[in-house]
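Next comes run22.cif, with mmCIF, C-alpha atoms.
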data_target
#
loop_
_atom_site.group_PDB
_atom_site.id
_atom_site.type_symbol
_atom_site.label_atom_id
_atom_site.label_comp_id
_atom_site.auth_asym_id
_atom_site.auth_seq_id
_atom_site.Cartn_x
_atom_site.Cartn_y
_atom_site.Cartn_z
ATOM 1 C CA MET F 53 86.401 105.269 99.282
ATOM 2 C CA ALA F 54 82.615 105.012 99.234
ATOM 3 C CA LYS F 55 80.849 104.379 102.506
ATOM 4 C CA THR F 56 78.500 101.682 101.185
ATOM 5 C CA ILE F 57 80.647 99.195 103.028
ATOM 6 C CA SER F 58 79.631 96.168 105.059
ATOM 7 C CA THR F 59 77.892 96.429 108.413
ATOM 8 C CA PRO F 60 76.656 93.572 110.622
ATOM 9 C CA GLU F 61 73.168 94.269 109.226
ATOM 10 C CA ASN F 62 74.014 94.145 105.511
ATOM 11 C CA LEU F 63 76.788 91.537 105.591
ATOM 12 C CA GLN F 64 76.633 89.172 102.598
ATOM 13 C CA VAL F 65 77.320 85.730 104.085
ATOM 14 C CA LEU F 66 78.068 83.133 101.389
ATOM 15 C CA TYR F 67 78.766 80.165 103.649
ATOM 16 C CA GLN F 68 78.984 79.417 107.338
ATOM 17 C CA ASP F 69 79.476 76.410 109.592
ATOM 18 C CA ASN F 70 81.079 75.859 112.997
ATOM 19 C CA HIS F 71 84.564 76.284 111.542
ATOM 20 C CA ILE F 72 84.556 78.911 108.788
ATOM 21 C CA ILE F 73 82.553 81.846 107.491
ATOM 22 C CA ALA F 74 82.817 83.251 103.959
ATOM 23 C CA ILE F 75 81.756 86.789 103.121
ATOM 24 C CA ASN F 76 81.114 88.566 99.828
ATOM 25 C CA LYS F 77 83.238 91.653 100.435
ATOM 26 C CA ARG F 78 81.977 94.960 99.105
ATOM 27 C CA PRO F 79 84.392 97.347 97.348
ATOM 28 C CA GLY F 80 85.695 99.652 100.052
ATOM 29 C CA ASP F 81 85.754 97.018 102.785
ATOM 30 C CA LEU F 82 89.123 96.793 104.499
ATOM 31 C CA VAL F 83 89.739 93.136 105.338
ATOM 32 C CA GLN F 84 92.097 93.750 108.256
ATOM 33 C CA GLY F 85 92.878 96.886 110.254
ATOM 34 C CA ASP F 86 95.531 99.286 108.963
ATOM 35 C CA GLN F 87 96.846 102.801 109.583
ATOM 36 C CA THR F 88 93.596 104.401 108.387
ATOM 37 C CA GLY F 89 91.860 103.345 111.567
ATOM 38 C CA ASP F 90 88.740 102.413 109.582
ATOM 39 C CA THR F 91 86.672 99.528 110.930
ATOM 40 C CA PRO F 92 87.859 96.400 109.087
ATOM 41 C CA LEU F 93 85.618 93.647 107.755
ATOM 42 C CA SER F 94 87.063 91.261 110.358
ATOM 43 C CA GLU F 95 85.548 93.393 113.142
ATOM 44 C CA VAL F 96 82.211 93.652 111.307
ATOM 45 C CA VAL F 97 82.065 89.858 111.032
ATOM 46 C CA LYS F 98 82.891 89.529 114.729
ATOM 47 C CA GLN F 99 79.977 91.836 115.588
ATOM 48 C CA TYR F 100 77.725 89.804 113.299
ATOM 49 C CA LEU F 101 78.728 86.509 114.961
ATOM 50 C CA LYS F 102 78.370 87.982 118.451
ATOM 51 C CA VAL F 103 74.738 88.833 117.745
ATOM 52 C CA GLN F 104 74.005 85.680 115.749
ATOM 53 C CA HIS F 105 75.364 83.343 118.398
ATOM 54 C CA ASN F 106 74.331 85.555 121.330
ATOM 55 C CA LYS F 107 77.866 85.499 122.739
ATOM 56 C CA PRO F 108 78.491 87.578 125.870
ATOM 57 C CA GLY F 109 82.283 87.674 125.537
ATOM 58 C CA ASN F 110 84.796 88.189 122.766
ATOM 59 C CA VAL F 111 84.326 86.392 119.468
ATOM 60 C CA TYR F 112 87.288 84.652 117.855
ATOM 61 C CA LEU F 113 87.893 85.298 114.156
ATOM 62 C CA GLY F 114 91.050 84.480 112.206
ATOM 63 C CA VAL F 115 92.023 86.337 109.028
ATOM 64 C CA VAL F 116 93.120 83.743 106.460
ATOM 65 C CA HIS F 117 93.726 85.861 103.346
ATOM 66 C CA ARG F 118 93.074 89.358 102.059
ATOM 67 C CA LEU F 119 91.641 91.206 99.085
ATOM 68 C CA ASP F 120 92.700 94.697 98.045
ATOM 69 C CA ARG F 121 90.397 97.345 99.487
ATOM 70 C CA PRO F 122 88.973 98.558 96.117
ATOM 71 C CA THR F 123 88.098 95.006 95.001
ATOM 72 C CA SER F 124 85.084 92.845 95.821
ATOM 73 C CA GLY F 125 84.379 89.174 96.317
ATOM 74 C CA ILE F 126 85.007 86.168 98.518
ATOM 75 C CA VAL F 127 86.867 86.437 101.806
ATOM 76 C CA VAL F 128 87.162 83.394 104.093
ATOM 77 C CA PHE F 129 87.631 83.698 107.857
ATOM 78 C CA ALA F 130 88.363 81.043 110.485
ATOM 79 C CA LYS F 131 85.877 80.832 113.356
ATOM 80 C CA THR F 132 88.203 78.852 115.636
ATOM 81 C CA SER F 133 91.909 78.990 116.478
ATOM 82 C CA LYS F 134 92.080 75.272 115.661
ATOM 83 C CA VAL F 135 91.018 75.667 112.038
ATOM 84 C CA LEU F 136 93.021 78.833 111.289
ATOM 85 C CA PRO F 137 96.410 77.108 110.713
ATOM 86 C CA ARG F 138 94.703 74.480 108.552
ATOM 87 C CA LEU F 139 93.117 77.155 106.364
ATOM 88 C CA ASN F 140 96.412 79.067 106.270
ATOM 89 C CA LYS F 141 98.126 75.926 105.015
ATOM 90 C CA LEU F 142 95.521 75.426 102.263
ATOM 91 C CA PHE F 143 96.133 78.933 100.931
ATOM 92 C CA GLN F 144 99.908 78.848 101.393
ATOM 93 C CA GLU F 145 100.260 75.523 99.593
ATOM 94 C CA LYS F 146 98.050 76.691 96.702
ATOM 95 C CA ASN F 147 95.356 74.125 97.434
ATOM 96 C CA VAL F 148 92.630 76.703 96.857
ATOM 97 C CA GLN F 149 91.373 77.269 93.328
ATOM 98 C CA LYS F 150 90.767 80.987 92.789
ATOM 99 C CA VAL F 151 88.741 82.507 89.967
ATOM 100 C CA TYR F 152 88.469 86.251 89.480
ATOM 101 C CA TRP F 153 86.488 88.478 87.126
ATOM 102 C CA ALA F 154 88.218 91.553 85.735
ATOM 103 C CA MET F 155 86.567 94.220 83.595
ATOM 104 C CA VAL F 156 89.023 95.855 81.183
ATOM 105 C CA LYS F 157 88.590 98.506 78.485
ATOM 106 C CA ASN F 158 91.030 97.104 75.933
ATOM 107 C CA ARG F 159 90.680 93.733 74.271
ATOM 108 C CA PRO F 160 93.656 91.560 75.288
ATOM 109 C CA PRO F 161 96.154 90.482 72.607
ATOM 110 C CA LYS F 162 94.783 86.933 72.807
ATOM 111 C CA ASP F 163 91.334 85.750 73.865
ATOM 112 C CA ARG F 164 92.991 83.152 76.100
ATOM 113 C CA ASP F 165 96.543 83.041 77.432
ATOM 114 C CA THR F 166 98.859 82.181 80.302
ATOM 115 C CA LEU F 167 100.816 85.170 81.604
ATOM 116 C CA THR F 168 104.172 84.820 83.311
ATOM 117 C CA HIS F 169 105.888 87.879 84.764
ATOM 118 C CA TYR F 170 108.331 88.689 87.514
ATOM 119 C CA LEU F 171 106.771 91.127 89.962
ATOM 120 C CA LYS F 172 108.833 93.503 92.029
ATOM 121 C CA ARG F 173 107.043 95.267 94.845
ATOM 122 C CA ASN F 174 107.624 98.902 95.744
ATOM 123 C CA PRO F 175 106.397 99.213 99.351
ATOM 124 C CA LYS F 176 106.502 103.037 99.361
ATOM 125 C CA GLN F 177 104.157 103.187 96.373
ATOM 126 C CA ASN F 178 102.209 100.081 97.446
ATOM 127 C CA LYS F 179 102.596 98.902 93.870
ATOM 128 C CA SER F 180 104.076 95.924 92.021
ATOM 129 C CA TYR F 181 105.908 96.248 88.706
ATOM 130 C CA ALA F 182 105.705 93.424 86.169
ATOM 131 C CA HIS F 183 108.909 92.484 84.335
ATOM 132 C CA PRO F 184 109.187 90.000 81.450
ATOM 133 C CA LYS F 185 112.377 88.550 82.930
ATOM 134 C CA GLU F 186 113.640 88.007 86.437
ATOM 135 C CA VAL F 187 115.103 91.073 88.145
ATOM 136 C CA PRO F 188 116.674 91.326 91.609
ATOM 137 C CA GLY F 189 114.032 91.096 94.317
ATOM 138 C CA SER F 190 111.273 89.947 91.977
ATOM 139 C CA LYS F 191 108.888 87.012 92.388
ATOM 140 C CA LYS F 192 107.521 84.821 89.604
ATOM 141 C CA ALA F 193 103.810 85.376 88.921
ATOM 142 C CA ILE F 194 101.665 83.096 86.761
ATOM 143 C CA MET F 195 98.000 83.371 85.840
ATOM 144 C CA ASP F 196 95.612 82.255 83.103
ATOM 145 C CA TYR F 197 92.932 84.455 81.620
ATOM 146 C CA GLN F 198 90.203 84.041 79.060
ATOM 147 C CA LEU F 199 87.801 86.490 77.467
ATOM 148 C CA VAL F 200 84.301 85.431 78.507
ATOM 149 C CA GLN F 201 82.094 88.336 77.438
ATOM 150 C CA GLN F 202 82.312 91.531 75.420
ATOM 151 C CA LEU F 203 80.175 94.393 76.662
ATOM 152 C CA ASP F 204 79.584 97.730 74.914
ATOM 153 C CA ALA F 205 82.900 99.318 75.834
ATOM 154 C CA TYR F 206 84.518 96.726 78.074
ATOM 155 C CA PHE F 207 85.745 93.144 78.078
ATOM 156 C CA LEU F 208 85.107 90.704 80.901
ATOM 157 C CA LEU F 209 88.060 88.421 81.613
ATOM 158 C CA GLU F 210 88.009 85.339 83.816
ATOM 159 C CA VAL F 211 91.300 84.922 85.627
ATOM 160 C CA HIS F 212 92.723 81.796 87.278
ATOM 161 C CA LEU F 213 95.651 82.412 89.622
ATOM 162 C CA HIS F 214 98.567 80.005 89.930
ATOM 163 C CA THR F 215 100.499 82.237 92.323
ATOM 164 C CA GLY F 216 99.342 84.789 94.871
ATOM 165 C CA ARG F 217 101.511 87.875 94.505
ATOM 166 C CA HIS F 218 100.894 91.437 95.653
ATOM 167 C CA HIS F 219 98.534 93.146 93.160
ATOM 168 C CA GLN F 220 99.227 90.299 90.752
ATOM 169 C CA ILE F 221 96.138 90.514 88.526
ATOM 170 C CA ARG F 222 96.197 94.310 88.439
ATOM 171 C CA SER F 223 99.889 94.405 87.545
ATOM 172 C CA GLN F 224 99.898 91.589 84.991
ATOM 173 C CA LEU F 225 96.817 92.780 83.097
ATOM 174 C CA SER F 226 98.247 96.291 82.998
ATOM 175 C CA ALA F 227 101.478 94.855 81.565
ATOM 176 C CA ILE F 228 99.582 93.509 78.518
ATOM 177 C CA GLY F 229 97.774 96.797 77.950
ATOM 178 C CA CYS F 230 94.568 95.869 79.790
ATOM 179 C CA PRO F 231 94.332 97.880 83.019
ATOM 180 C CA ILE F 232 91.240 97.148 85.081
ATOM 181 C CA LYS F 233 88.395 99.674 84.994
ATOM 182 C CA GLY F 234 88.893 102.294 87.688
ATOM 183 C CA ASP F 235 92.453 101.223 88.516
ATOM 184 C CA LEU F 236 94.368 104.511 88.247
ATOM 185 C CA LYS F 237 97.388 102.992 89.997
ATOM 186 C CA TYR F 238 97.854 100.516 87.146
ATOM 187 C CA GLY F 239 97.138 102.721 84.175
ATOM 188 C CA PHE F 240 93.375 103.126 83.776
ATOM 189 C CA ASP F 241 92.559 106.654 82.632
ATOM 190 C CA ARG F 242 90.022 107.554 85.340
ATOM 191 C CA SER F 243 88.844 106.331 88.707
ATOM 192 C CA ASN F 244 85.420 104.951 89.524
ATOM 193 C CA LYS F 245 83.217 107.383 91.450
ATOM 194 C CA ASP F 246 83.266 105.159 94.526
ATOM 195 C CA ALA F 247 87.038 104.529 94.264
ATOM 196 C CA SER F 248 86.406 100.833 93.560
ATOM 197 C CA ILE F 249 88.026 98.890 90.757
ATOM 198 C CA HIS F 250 86.241 96.307 88.604
ATOM 199 C CA LEU F 251 88.064 93.266 89.998
ATOM 200 C CA HIS F 252 85.946 90.632 91.718
ATOM 201 C CA SER F 253 86.927 87.430 93.517
ATOM 202 C CA ARG F 254 84.248 85.287 91.890
ATOM 203 C CA LYS F 255 84.915 81.709 92.995
ATOM 204 C CA LEU F 256 86.901 79.720 95.551
ATOM 205 C CA GLN F 257 87.128 75.936 95.673
ATOM 206 C CA PHE F 258 88.891 73.885 98.347
ATOM 207 C CA ILE F 259 88.612 70.813 100.553
ATOM 208 C CA HIS F 260 87.094 71.733 103.918
ATOM 209 C CA PRO F 261 89.932 71.318 106.459
ATOM 210 C CA VAL F 262 87.665 69.629 109.021
ATOM 211 C CA LYS F 263 84.778 68.072 107.091
ATOM 212 C CA LYS F 264 87.082 66.884 104.276
ATOM 213 C CA LYS F 265 84.469 67.642 101.635
ATOM 214 C CA GLU F 266 84.810 69.965 98.648
ATOM 215 C CA ILE F 267 83.501 73.471 99.205
ATOM 216 C CA THR F 268 82.672 75.688 96.224
ATOM 217 C CA LEU F 269 81.928 79.339 96.938
ATOM 218 C CA VAL F 270 80.556 81.700 94.284
ATOM 219 C CA ALA F 271 80.066 85.408 94.945
ATOM 220 C CA PRO F 272 77.586 87.578 93.019
ATOM 221 C CA ALA F 273 79.249 90.643 91.493
ATOM 222 C CA PRO F 274 78.438 94.045 93.027
ATOM 223 C CA ASP F 275 75.040 95.578 92.229
ATOM 224 C CA GLU F 276 76.372 98.136 89.750
ATOM 225 C CA SER F 277 75.424 98.957 86.148
ATOM 226 C CA LEU F 278 78.449 97.464 84.373
ATOM 227 C CA TRP F 279 78.534 94.303 86.499
ATOM 228 C CA ASN F 280 74.763 93.994 86.062
ATOM 229 C CA ALA F 281 75.269 93.870 82.283
ATOM 230 C CA VAL F 282 77.168 90.573 82.618
ATOM 231 C CA SER F 283 75.012 87.696 81.370
ATOM 232 C CA LEU F 284 76.915 84.783 82.959
#

Let me see the file written as structure tokens.
Amino acid sequence: MAKTISTPENLQVLYQDNHIIAINKRPGDLVQGDQTGDTPLSEVVKQYLKVQHNKPGNVYLGVVHRLDRPTSGIVVFAKTSKVLPRLNKLFQEKNVQKVYWAMVKNRPPKDRDTLTHYLKRNPKQNKSYAHPKEVPGSKKAIMDYQLVQQLDAYFLLEVHLHTGRHHQIRSQLSAIGCPIKGDLKYGFDRSNKDASIHLHSRKLQFIHPVKKKEITLVAPAPDESLWNAVSL
């Protein structure tokens, strides 16, 4: 994975108040620590807040949700232990509207559609398989997509999630013959040089759990030639 990942100095903060902070995650950022031992985004944000707020002790930060390491886009963290369960509940009860951008090489069968599959996860492969009908151990996955722009050799799809399954967008788009650019795991023919994939968490919308007002977060796509060709 490329090393142009987030540091406290180059962190892209989209929104911050006393309760939450939202970051535009770079491809390659690991949201939460894993077996690789690489510094996760959660620790980078803690370092950022420690300096910003001039805190002598430990900084609290709660991980609310995750994005796959090769993807980019919005990640929301809780700044207090009080707000973490409230944010968790928003995400768990599907009270967060999520919009993603996906760059695919093949034009989808329809310019707009709702996809319903049954995803079965293989933990050893860290991969989910999409089935047209329910199979033992599978979970129902639903998403809408629409074609929003055609580029020279790629198609930009806007995706709205109704469920939040493991690798859902990657698996479902692959199942209709539209693997995401760079996504070798789900059938694209070659990887991106930086090991990213062209999947971006573009927009999140939810009611602030404390302020009770609507929050709309929009994340610029990565500064990269294909994303830069998007005219939206």

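Here the PyMOL selection byres ((chain F and resi 212) around 9) captures the residues Gln149, Lys150, Val151, Tyr152, Met195, Asp196, Tyr197, Gln198, Glu210, Val211, Leu213 and His214 of chain F.
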
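Taken over the whole file, the PyMOL selection byres ((chain F and resi 176-180) around 8) covers exactly F:Leu171, F:Lys172, F:Arg173, F:Asn174, F:Pro175, F:Tyr181, F:Ala182, F:His218, F:His219, F:Gln220, F:Ser223, F:Lys237.
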
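Atom to atom, atom CA of F:Thr59 and atom CA of F:Leu251 stand 21.3 Å apart.
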
Run the PyMOL selection byres ((chain F and resi 73) around 7) on the file and write out the hits as a list in words. Tyr67, Gln68, Asp69, Ile72, Ala74, Ile75, Val128, Phe129, Ala130 and Lys131 of chain F

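Taking atom CA of F:Asp90 as the reference point, atom CA of F:Pro122 is found at 14.0 Å.
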
Taking every listed atom of stretch 260-271 of chain F and adding 3 Å to each side, what centre and edge lengths in Å (one decimal) does the axis-aligned box have, as lines of an AutoDock Vina configuration file?
center_x = 85.0
center_y = 76.1
center_z = 101.7
size_x = 15.9
size_y = 24.5
size_z = 20.7

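Between F:Ser248 and the candidates F:Val65, F:Leu82, F:Ala205, F:Leu269, the tightest atom-to-atom separation, counting all atoms listed in the file, involves F:Leu82.
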
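Each of F:Gly125, F:Tyr206, F:Ser277, F:Val115 was compared to F:Gln84 using all atoms listed in the file, and F:Val115 turns out to be the nearest.
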
Ranking F:Val270, F:Leu236, F:Ile126, F:Val116 by minimum distance to F:Asn140 and counting all atoms listed in the file, which one comes first? F:Val116

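Straight-line separation from atom CA of F:Leu225 to atom CA of F:Pro161: 10.8 Å.
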
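With distances taken over only C-alpha atoms, F:Pro60 is the one residue among F:Ala247, F:Ser124, F:Pro60, F:Lys233 lying closest to F:Lys98.
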
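Minimum atom-to-atom distances from F:Asp241, F:Asp235, F:Glu266, F:Asp120 to F:Pro79 were compared using only C-alpha atoms, and the lowest value belongs to F:Asp120.
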
With the input short on atoms, add N, CA and C atoms back to stretch 143-164 of chain F and write it as an mmCIF file, in the coordinates of the input.
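As a result, out_13.cif now contains:
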data_model
loop_
_atom_site.group_PDB
_atom_site.id
_atom_site.type_symbol
_atom_site.label_atom_id
_atom_site.label_comp_id
_atom_site.auth_asym_id
_atom_site.auth_seq_id
_atom_site.Cartn_x
_atom_site.Cartn_y
_atom_site.Cartn_z
ATOM 1 N N PHE F 143 95.837 77.777 101.787
ATOM 2 C CA PHE F 143 96.133 78.933 100.931
ATOM 3 C C PHE F 143 97.628 79.003 100.611
ATOM 4 N N GLN F 144 98.461 78.753 101.601
ATOM 5 C CA GLN F 144 99.908 78.848 101.393
ATOM 6 C C GLN F 144 100.413 77.790 100.410
ATOM 7 N N GLU F 145 99.811 76.615 100.463
ATOM 8 C CA GLU F 145 100.260 75.523 99.593
ATOM 9 C C GLU F 145 99.491 75.475 98.271
ATOM 10 N N LYS F 146 98.768 76.542 97.988
ATOM 11 C CA LYS F 146 98.050 76.691 96.702
ATOM 12 C C LYS F 146 97.032 75.572 96.463
ATOM 13 N N ASN F 147 96.388 75.149 97.554
ATOM 14 C CA ASN F 147 95.356 74.125 97.434
ATOM 15 C C ASN F 147 93.953 74.727 97.398
ATOM 16 N N VAL F 148 93.898 76.002 97.037
ATOM 17 C CA VAL F 148 92.630 76.703 96.857
ATOM 18 C C VAL F 148 92.574 77.200 95.419
ATOM 19 N N GLN F 149 91.541 76.786 94.701
ATOM 20 C CA GLN F 149 91.373 77.269 93.328
ATOM 21 C C GLN F 149 90.669 78.626 93.376
ATOM 22 N N LYS F 150 91.303 79.621 92.742
ATOM 23 C CA LYS F 150 90.767 80.987 92.789
ATOM 24 C C LYS F 150 90.403 81.450 91.383
ATOM 25 N N VAL F 151 89.196 81.956 91.244
ATOM 26 C CA VAL F 151 88.741 82.507 89.967
ATOM 27 C C VAL F 151 88.296 83.950 90.202
ATOM 28 N N TYR F 152 88.825 84.837 89.387
ATOM 29 C CA TYR F 152 88.469 86.251 89.480
ATOM 30 C C TYR F 152 87.807 86.717 88.181
ATOM 31 N N TRP F 153 86.992 87.756 88.296
ATOM 32 C CA TRP F 153 86.488 88.478 87.126
ATOM 33 C C TRP F 153 87.154 89.852 87.093
ATOM 34 N N ALA F 154 87.607 90.236 85.920
ATOM 35 C CA ALA F 154 88.218 91.553 85.735
ATOM 36 C C ALA F 154 87.587 92.216 84.517
ATOM 37 N N MET F 155 87.163 93.458 84.694
ATOM 38 C CA MET F 155 86.567 94.220 83.595
ATOM 39 C C MET F 155 87.630 95.184 83.054
ATOM 40 N N VAL F 156 87.983 95.019 81.785
ATOM 41 C CA VAL F 156 89.023 95.855 81.183
ATOM 42 C C VAL F 156 88.468 96.567 79.947
ATOM 43 N N LYS F 157 89.085 97.701 79.610
ATOM 44 C CA LYS F 157 88.590 98.506 78.485
ATOM 45 C C LYS F 157 89.143 98.022 77.154
ATOM 46 N N ASN F 158 90.376 97.529 77.172
ATOM 47 C CA ASN F 158 91.030 97.104 75.933
ATOM 48 C C ASN F 158 90.930 95.596 75.762
ATOM 49 N N ARG F 159 90.692 95.169 74.540
ATOM 50 C CA ARG F 159 90.680 93.733 74.271
ATOM 51 C C ARG F 159 92.105 93.193 74.418
ATOM 52 N N PRO F 160 92.296 92.095 75.137
ATOM 53 C CA PRO F 160 93.656 91.560 75.288
ATOM 54 C C PRO F 160 94.206 91.041 73.961
ATOM 55 N N PRO F 161 95.535 90.936 73.855
ATOM 56 C CA PRO F 161 96.154 90.482 72.607
ATOM 57 C C PRO F 161 95.640 89.122 72.148
ATOM 58 N N LYS F 162 95.351 88.250 73.103
ATOM 59 C CA LYS F 162 94.783 86.933 72.807
ATOM 60 C C LYS F 162 93.518 86.754 73.637
ATOM 61 N N ASP F 163 92.565 85.986 73.113
ATOM 62 C CA ASP F 163 91.334 85.750 73.865
ATOM 63 C C ASP F 163 91.553 84.813 75.049
ATOM 64 N N ARG F 164 92.657 84.072 75.007
ATOM 65 C CA ARG F 164 92.991 83.152 76.100
ATOM 66 C C ARG F 164 94.512 83.034 76.156
#
